[in-house]
$ cat run_14.cif   # mmCIF, C-alpha atoms and all ligand atoms
data_protein
loop_
_atom_site.label_atom_id
_atom_site.label_comp_id
_atom_site.auth_asym_id
_atom_site.auth_seq_id
_atom_site.Cartn_x
_atom_site.Cartn_y
_atom_site.Cartn_z
CA MET A 67 52.85 39.83 -52.68
CA TYR A 68 54.76 38.64 -49.65
CA GLU A 69 54.46 35.52 -47.54
CA HIS A 70 54.33 35.37 -43.78
CA ASP A 71 53.09 33.37 -40.86
CA SER A 72 50.16 35.65 -40.03
CA ILE A 73 49.40 33.98 -36.71
CA THR A 74 52.59 34.86 -34.89
CA THR A 75 54.15 37.61 -36.98
CA ARG A 76 53.07 41.20 -36.39
CA ILE A 77 53.26 43.89 -39.04
CA PHE A 78 52.63 47.44 -37.79
CA ALA A 79 51.13 50.29 -39.83
CA ASN A 80 53.08 52.10 -42.58
CA VAL A 81 55.19 49.09 -43.47
CA GLU A 82 56.00 48.53 -47.15
CA LEU A 83 57.13 45.04 -48.04
CA GLY A 84 58.50 44.50 -51.55
CA ASP A 85 57.62 41.62 -53.84
CA GLY A 86 58.45 38.16 -52.62
CA VAL A 87 59.44 39.14 -49.07
CA GLN A 88 59.37 36.07 -46.82
CA LEU A 89 58.73 36.56 -43.11
CA GLY A 90 59.31 33.70 -40.69
CA SER A 91 57.25 33.04 -37.61
CA SER A 92 57.23 35.41 -34.62
CA CYS A 93 58.73 38.35 -36.50
CA VAL A 94 57.82 41.96 -35.68
CA ILE A 95 58.09 44.51 -38.51
CA GLY A 96 57.65 48.26 -37.98
CA GLN A 97 57.68 48.28 -34.18
CA PRO A 98 57.33 51.96 -33.14
CA PRO A 99 60.26 53.14 -31.02
CA ARG A 100 59.65 54.89 -27.73
CA GLY A 101 57.89 58.23 -28.29
CA LYS A 102 56.53 57.35 -31.76
CA GLN A 103 53.03 56.27 -32.70
CA ASP A 104 52.19 53.18 -34.72
CA GLY A 105 52.61 54.19 -38.38
CA GLU A 106 54.38 57.50 -37.73
CA LEU A 107 57.60 56.29 -39.34
CA LEU A 108 57.72 54.55 -42.71
CA THR A 109 59.36 51.12 -42.69
CA ARG A 110 60.42 49.61 -45.99
CA VAL A 111 61.84 46.15 -46.66
CA GLY A 112 62.95 45.60 -50.26
CA SER A 113 61.84 42.85 -52.60
CA GLY A 114 63.27 39.37 -52.32
CA SER A 115 64.14 39.78 -48.64
CA VAL A 116 64.13 36.79 -46.30
CA ILE A 117 63.42 37.67 -42.66
CA ARG A 118 63.88 34.62 -40.47
CA SER A 119 61.96 33.79 -37.32
CA HIS A 120 62.08 36.02 -34.24
CA THR A 121 63.57 38.98 -36.09
CA VAL A 122 62.40 42.41 -34.88
CA VAL A 123 62.67 45.37 -37.27
CA TYR A 124 61.75 48.70 -35.66
CA ALA A 125 59.94 51.46 -37.54
CA GLY A 126 61.80 53.93 -39.71
CA ASN A 127 64.15 51.47 -41.34
CA VAL A 128 64.64 51.83 -45.08
CA ILE A 129 66.09 48.55 -46.27
CA GLY A 130 67.06 47.60 -49.81
CA GLU A 131 66.46 44.50 -51.86
CA ARG A 132 67.39 40.93 -50.94
CA PHE A 133 67.96 41.73 -47.28
CA SER A 134 68.35 38.63 -45.19
CA THR A 135 68.36 38.00 -41.47
CA GLY A 136 69.17 34.92 -39.43
CA HIS A 137 67.02 33.95 -36.47
CA GLY A 138 66.49 36.31 -33.54
CA VAL A 139 67.96 39.44 -35.15
CA MET A 140 67.23 42.92 -33.72
CA ILE A 141 67.23 45.96 -36.02
CA ARG A 142 66.46 49.18 -34.13
CA GLU A 143 64.82 52.25 -35.67
CA GLU A 144 65.83 54.66 -38.44
CA ASN A 145 68.67 52.82 -40.11
CA ARG A 146 69.55 53.06 -43.78
CA ILE A 147 70.47 49.67 -45.20
CA GLY A 148 71.45 49.02 -48.82
CA ASP A 149 70.83 46.08 -51.15
CA ASP A 150 72.12 42.53 -50.61
CA VAL A 151 72.85 42.94 -46.91
CA SER A 152 72.75 39.99 -44.54
CA VAL A 153 72.67 40.01 -40.75
CA GLY A 154 73.40 36.73 -38.95
CA SER A 155 71.50 35.13 -36.10
CA HIS A 156 71.31 37.01 -32.81
CA SER A 157 73.07 40.09 -34.12
CA ILE A 158 71.95 43.54 -33.00
CA VAL A 159 71.96 46.66 -35.13
CA GLU A 160 71.13 49.72 -33.03
CA HIS A 161 69.53 52.91 -34.43
CA HIS A 162 70.83 55.49 -36.93
CA VAL A 163 73.30 53.08 -38.46
CA SER A 164 74.28 53.43 -42.11
CA ILE A 165 74.92 50.18 -43.95
CA GLY A 166 75.94 50.11 -47.62
CA ASN A 167 75.34 47.50 -50.30
CA GLY A 168 76.62 43.95 -50.02
CA VAL A 169 77.54 44.17 -46.34
CA ARG A 170 77.62 40.91 -44.39
CA ILE A 171 77.29 40.92 -40.62
CA HIS A 172 77.94 37.50 -39.12
CA SER A 173 76.26 36.01 -36.02
CA GLN A 174 76.05 37.63 -32.58
CA ALA A 175 77.60 40.91 -33.66
CA PHE A 176 76.80 44.26 -32.03
CA ILE A 177 76.60 47.40 -34.17
CA PRO A 178 75.84 50.48 -32.05
CA GLU A 179 74.19 53.79 -32.91
CA TYR A 180 75.91 56.09 -35.42
CA SER A 181 78.15 53.43 -36.92
CA VAL A 182 78.87 53.40 -40.65
CA LEU A 183 79.44 50.19 -42.59
CA GLU A 184 80.41 50.90 -46.17
CA ASP A 185 79.74 48.74 -49.23
CA GLY A 186 81.07 45.22 -49.17
CA CYS A 187 82.55 45.23 -45.70
CA TRP A 188 82.39 42.10 -43.56
CA ILE A 189 81.82 41.87 -39.81
CA GLY A 190 82.77 38.54 -38.20
CA PRO A 191 81.00 36.60 -35.48
CA ASN A 192 80.87 38.12 -32.00
CA VAL A 193 82.39 41.39 -33.19
CA VAL A 194 81.58 44.37 -30.99
CA LEU A 195 81.65 47.93 -32.23
CA THR A 196 81.44 50.63 -29.55
CA ASN A 197 80.28 54.25 -29.62
CA ALA A 198 80.82 55.79 -26.16
CA TYR A 199 84.31 56.47 -24.83
CA HIS A 200 83.06 57.00 -21.30
CA PRO A 201 79.89 54.98 -20.75
CA MET A 202 77.41 56.59 -18.35
CA CYS A 203 79.18 59.95 -18.41
CA PRO A 204 76.40 62.59 -18.14
CA LYS A 205 77.37 63.79 -21.64
CA ALA A 206 77.75 60.31 -23.15
CA LYS A 207 74.57 60.46 -25.21
CA GLU A 208 75.66 63.74 -26.79
CA CYS A 209 78.93 62.42 -28.16
CA LEU A 210 78.03 58.93 -29.33
CA LYS A 211 79.99 58.06 -32.45
CA GLY A 212 80.44 54.54 -33.76
CA PRO A 213 83.28 53.34 -35.95
CA THR A 214 83.36 53.67 -39.73
CA VAL A 215 84.26 50.48 -41.56
CA ARG A 216 85.27 51.41 -45.09
CA ARG A 217 84.54 49.53 -48.29
CA GLY A 218 85.68 45.93 -48.34
CA ALA A 219 87.26 45.93 -44.88
CA LYS A 220 86.97 42.71 -42.86
CA ILE A 221 86.72 42.44 -39.09
CA GLY A 222 87.80 39.07 -37.64
CA ALA A 223 85.87 37.11 -35.04
CA ASN A 224 85.56 38.56 -31.54
CA ALA A 225 87.28 41.84 -32.40
CA THR A 226 86.31 45.02 -30.53
CA LEU A 227 86.44 48.41 -32.24
CA LEU A 228 86.63 51.54 -30.09
CA PRO A 229 84.37 54.54 -30.81
CA ASP A 230 84.91 56.94 -33.68
CA ILE A 231 87.76 55.08 -35.39
CA THR A 232 87.97 54.30 -39.09
CA ILE A 233 88.97 50.95 -40.52
CA GLY A 234 90.42 51.70 -43.96
CA GLU A 235 89.32 50.23 -47.25
CA ASP A 236 90.08 46.51 -47.62
CA ALA A 237 91.89 46.39 -44.28
CA LEU A 238 91.79 43.16 -42.26
CA VAL A 239 91.41 43.09 -38.47
CA GLY A 240 92.68 39.86 -36.84
CA ALA A 241 90.52 37.70 -34.61
CA GLY A 242 90.22 38.94 -31.03
CA SER A 243 91.86 42.31 -31.70
CA VAL A 244 91.04 45.43 -29.74
CA VAL A 245 91.33 48.27 -32.24
CA VAL A 246 92.01 51.60 -30.55
CA ASP A 247 93.13 53.76 -33.51
CA ASP A 248 92.38 54.26 -37.17
CA VAL A 249 93.62 51.50 -39.46
CA ALA A 250 95.10 52.40 -42.84
CA ALA A 251 93.62 51.04 -46.05
CA GLY A 252 94.93 47.58 -46.84
CA ALA A 253 96.63 47.07 -43.47
CA VAL A 254 96.40 43.84 -41.48
CA VAL A 255 96.23 44.54 -37.74
CA ALA A 256 96.09 42.17 -34.77
CA GLY A 257 96.41 42.07 -31.01
CA ASN A 258 95.41 44.20 -28.02
CA PRO A 259 95.99 47.00 -28.69
CA ALA A 260 95.91 46.13 -32.38
CA ARG A 261 99.13 46.85 -34.28
CA VAL A 262 99.94 46.58 -37.97
CA ILE A 263 101.44 43.14 -38.62
CA LYS A 264 101.51 43.29 -42.42
CA ASP A 265 99.76 44.50 -45.53
CA ILE A 266 97.06 42.42 -47.21
CA SER A 267 99.39 42.04 -50.21
CA ASP A 268 101.82 40.18 -47.87
CA LEU A 269 99.27 37.56 -46.83
CA GLY A 270 99.92 34.01 -47.92
CA CYS A 271 97.54 31.08 -48.21
CA PRO A 272 98.33 28.39 -45.61
CA TYR A 273 96.82 25.78 -47.91
CA TYR A 274 98.69 26.95 -51.05
CA MET A 275 95.40 27.24 -52.90
CA ILE A 276 95.95 30.80 -54.10
CA ASP A 277 98.96 33.09 -54.48
CA ARG A 278 97.36 36.00 -52.64
CA PRO A 279 94.23 35.64 -50.47
CA TYR A 280 92.89 39.01 -51.58
CA ASP A 281 93.86 39.85 -55.09
CA ILE A 282 93.41 43.59 -54.74
CA ASP A 283 95.77 45.94 -56.60
C1 LIG B 301 95.30 38.45 -38.75
C2 LIG B 301 95.45 37.20 -39.59
C3 LIG B 301 94.79 37.40 -40.96
C4 LIG B 301 96.96 37.02 -39.77
O1 LIG B 301 97.16 35.84 -40.46
P1 LIG B 301 98.65 35.46 -40.96
O2 LIG B 301 99.09 36.42 -42.02
O3 LIG B 301 98.65 34.05 -41.31
O4 LIG B 301 99.49 35.75 -39.64
P2 LIG B 301 100.91 35.18 -39.24
O5 LIG B 301 100.75 33.76 -38.86
O6 LIG B 301 101.90 35.52 -40.30
O7 LIG B 301 101.17 36.02 -37.92
C5 LIG B 301 102.02 37.11 -37.85
C6 LIG B 301 102.17 37.47 -36.38
O8 LIG B 301 100.91 38.01 -35.92
C7 LIG B 301 100.42 37.22 -34.83
N1 LIG B 301 98.96 37.11 -35.02
C8 LIG B 301 98.31 36.63 -36.08
N2 LIG B 301 96.99 36.74 -35.91
C9 LIG B 301 96.82 37.29 -34.69
C10 LIG B 301 95.67 37.64 -33.93
N3 LIG B 301 94.45 37.45 -34.43
N4 LIG B 301 95.84 38.21 -32.74
C11 LIG B 301 97.12 38.41 -32.24
N5 LIG B 301 98.21 38.11 -32.91
C12 LIG B 301 98.07 37.54 -34.12
C13 LIG B 301 101.10 35.87 -34.97
O9 LIG B 301 101.16 35.21 -33.73
C14 LIG B 301 102.46 36.27 -35.47
O10 LIG B 301 103.20 36.76 -34.40
P3 LIG B 301 104.80 36.49 -34.30
O11 LIG B 301 105.40 37.18 -35.50
O12 LIG B 301 105.18 37.09 -32.99
O13 LIG B 301 104.96 35.01 -34.36
C15 LIG B 301 94.81 35.95 -38.92
O14 LIG B 301 95.61 35.49 -37.85
C16 LIG B 301 93.41 36.21 -38.39
O15 LIG B 301 93.20 36.58 -37.23
N6 LIG B 301 92.42 36.02 -39.31
C17 LIG B 301 91.03 36.26 -39.02
C18 LIG B 301 90.31 34.95 -38.65
C19 LIG B 301 88.84 35.20 -38.41
O16 LIG B 301 88.45 35.86 -37.49
N7 LIG B 301 88.02 34.66 -39.28
C20 LIG B 301 86.60 34.81 -39.16
C21 LIG B 301 85.97 33.60 -39.81
S1 LIG B 301 84.48 33.12 -39.06
#
$ encode --input "run_14.cif" --output "structure tokens" --more "lines below"
Ligand SMILES: CC(C)(COP(=O)(O)OP(=O)(O)OC[C@H]1O[C@@H](n2cnc3c(N)ncnc32)[C@H](O)[C@@H]1OP(=O)(O)O)[C@@H](O)C(=O)NCCC(=O)NCCS
Amino acid sequence: MYEHDSITTRIFANVELGDGVQLGSSCVIGQPPRGKQDGELLTRVGSGSVIRSHTVVYAGNVIGERFSTGHGVMIREENRIGDDVSVGSHSIVEHHVSIGNGVRIHSQAFIPEYSVLEDGCWIGPNVVLTNAYHPMCPKAKECLKGPTVRRGAKIGANATLLPDITIGEDALVGAGSVVVDDVAAGAVVAGNPARVIKDISDLGCPYYMIDRPYDID
């Protein structure tokens, strides 16, 4: 069974909610996208998920267990989302996005179509990923390609990632960076345009609480 505020929350046809799913008030689950009928696309939200108020999940999403959203989250159609994923308040995930297990997207982030977020990566607040090099070009919709953020990579607050770049495994992108090229695994990049400033193994803890902030060999 699942719990929801049945007065204000709308659940469309062909929605499967796992055991213990909690839906806040004024949520919409299984909203058909333009050109699709109610119930045409299966929508699945895994057990133990917590969907907070004013979240909209379009139809065709297949979402794993223990998914959680903050308030006012938008999840467009036909995404594949793993287990233990959280999406912070007022973030937007567009359509055809692939999100692995254990991914955390902080508040007010924008994840455009055809982005890939691999297992365990972390997207900071106000981060913007992009997918069109030349917006409004007549061919723009045919070449949309979002970034790929590899396993365990972390994107600092307010960073912008250009289309079709790859952020390597466990890399760290500094706050406010504009990343225009691929980033190697384990690199720390910062600035506009972002440049390598060190390796994660060179990071120190400003509070002397730990020898290495990320103890990754
Ligand atoms: C990138 C980061 C990890 C580097 O931390 P650090 O190792 O302590 O960096 P340092 O202080 O050694 O800085 C090295 C150089 O990079 C510059 N730099 C560091 N972070 C920068 C950033 N975000 N943008 C531009 N330049 C930056 C420093 O000014 C310094 O330049 P200098 O050598 O000319 O003096 C850190 O600054 C950062 O941005 N962390 C992410 C914070 C964040 O967004 N957290 C989200 C939590 S909600």
$ atom_distance --input "run_14.cif" --atom1 "atom CA of Pro259 of chain A" --atom2 "atom CA of Glu208 of chain A"
26.4 Å
$ residues_near_ligand --input "run_14.cif" --ligand "ligand LIG 301 (chain B)" --cutoff "6 Å" --atoms "all atoms listed in the file" --output "PyMOL selection string"
chain A and resi 190+222-223+240-243+256-257+263+269
$ residues_around --input "run_14.cif" --residues "Ser152 of chain A" --least-positions-apart "4" --cutoff "10 Å" --atoms "all atoms listed in the file" --output "PyMOL selection string"
chain A and resi 115-117+132-136+147+167-172+188
$ atom_distance --input "run_14.cif" --atom1 "atom CA of Arg142 of chain A" --atom2 "atom CA of His162 of chain A"
8.2 Å
$ closest_residue --input "run_14.cif" --among "A:Leu210, A:Ile221, A:Ala260, A:Ala253" --to "Glu179 of chain A" --atoms "all atoms listed in the file"
A:Leu210
$ closest_residue --input "run_14.cif" --among "A:His120, A:Met202, A:Gly130, A:Ala125" --to "Val87 of chain A" --atoms "all atoms listed in the file"
A:Gly130
$ atom_distance --input "run_14.cif" --atom1 "atom CA of Gly114 of chain A" --atom2 "atom CA of Ser155 of chain A"
18.7 Å
$ closest_residue --input "run_14.cif" --among "A:Thr226, A:Gln174, A:Gln88, A:Gly218" --to "Asn197 of chain A" --atoms "all atoms listed in the file"
A:Thr226
$ closest_residue --input "run_14.cif" --among "A:Arg278, A:Arg110, A:Arg118, A:His200" --to "Glu131 of chain A" --atoms "all atoms listed in the file"
A:Arg110
$ closest_residue --input "run_14.cif" --among "A:Val122, A:Ile177, A:Leu238, A:Ile189" --to "Ser267 of chain A" --atoms "all atoms listed in the file"
A:Leu238
$ residues_around --input "run_14.cif" --residues "Arg146 of chain A" --least-positions-apart "5" --cutoff "12 Å" --atoms "only C-alpha atoms" --output "ChimeraX atom specification"
/A:108-112,125-130,133,141,151,159-167,179-184
$ residues_near_point --input "run_14.cif" --point "(56.1, 44.2, -42.7)" --cutoff "6 Å" --atoms "all atoms listed in the file" --output "PyMOL selection string"
chain A and resi 77+81+83+95
$ closest_residue --input "run_14.cif" --among "A:Gly101, A:Pro178, A:Gly234, A:Gly90" --to "Ala219 of chain A" --atoms "only C-alpha atoms"
A:Gly234
$ residues_around --input "run_14.cif" --residues "Asp247 of chain A" --least-positions-apart "2" --cutoff "8 Å" --atoms "all atoms listed in the file" --output "ChimeraX atom specification"
/A:228,231-232,245,249
$ residues_around --input "run_14.cif" --residues "His156 of chain A" --least-positions-apart "3" --cutoff "7 Å" --atoms "all atoms listed in the file" --output "compact mmCIF listing (two decimals) with C-alpha atoms, in the coordinates of the input"
# COMPACT_ATOMS: atom_id res chain seq x y z
CA HIS A 137 67.02 33.95 -36.47
CA GLY A 138 66.49 36.31 -33.54
CA VAL A 139 67.96 39.44 -35.15
CA SER A 173 76.26 36.01 -36.02
CA GLN A 174 76.05 37.63 -32.58
$ residues_around --input "run_14.cif" --residues "Gly105 of chain A" --least-positions-apart "3" --cutoff "7 Å" --atoms "all atoms listed in the file" --output "mmCIF file with C-alpha atoms, in the frame of the given file"
data_model
loop_
_atom_site.group_PDB
_atom_site.id
_atom_site.type_symbol
_atom_site.label_atom_id
_atom_site.label_comp_id
_atom_site.auth_asym_id
_atom_site.auth_seq_id
_atom_site.Cartn_x
_atom_site.Cartn_y
_atom_site.Cartn_z
ATOM 1 C CA PHE A 78 52.630 47.440 -37.790
ATOM 2 C CA ALA A 79 51.130 50.290 -39.830
ATOM 3 C CA ASN A 80 53.080 52.100 -42.580
ATOM 4 C CA LEU A 108 57.720 54.550 -42.710
#
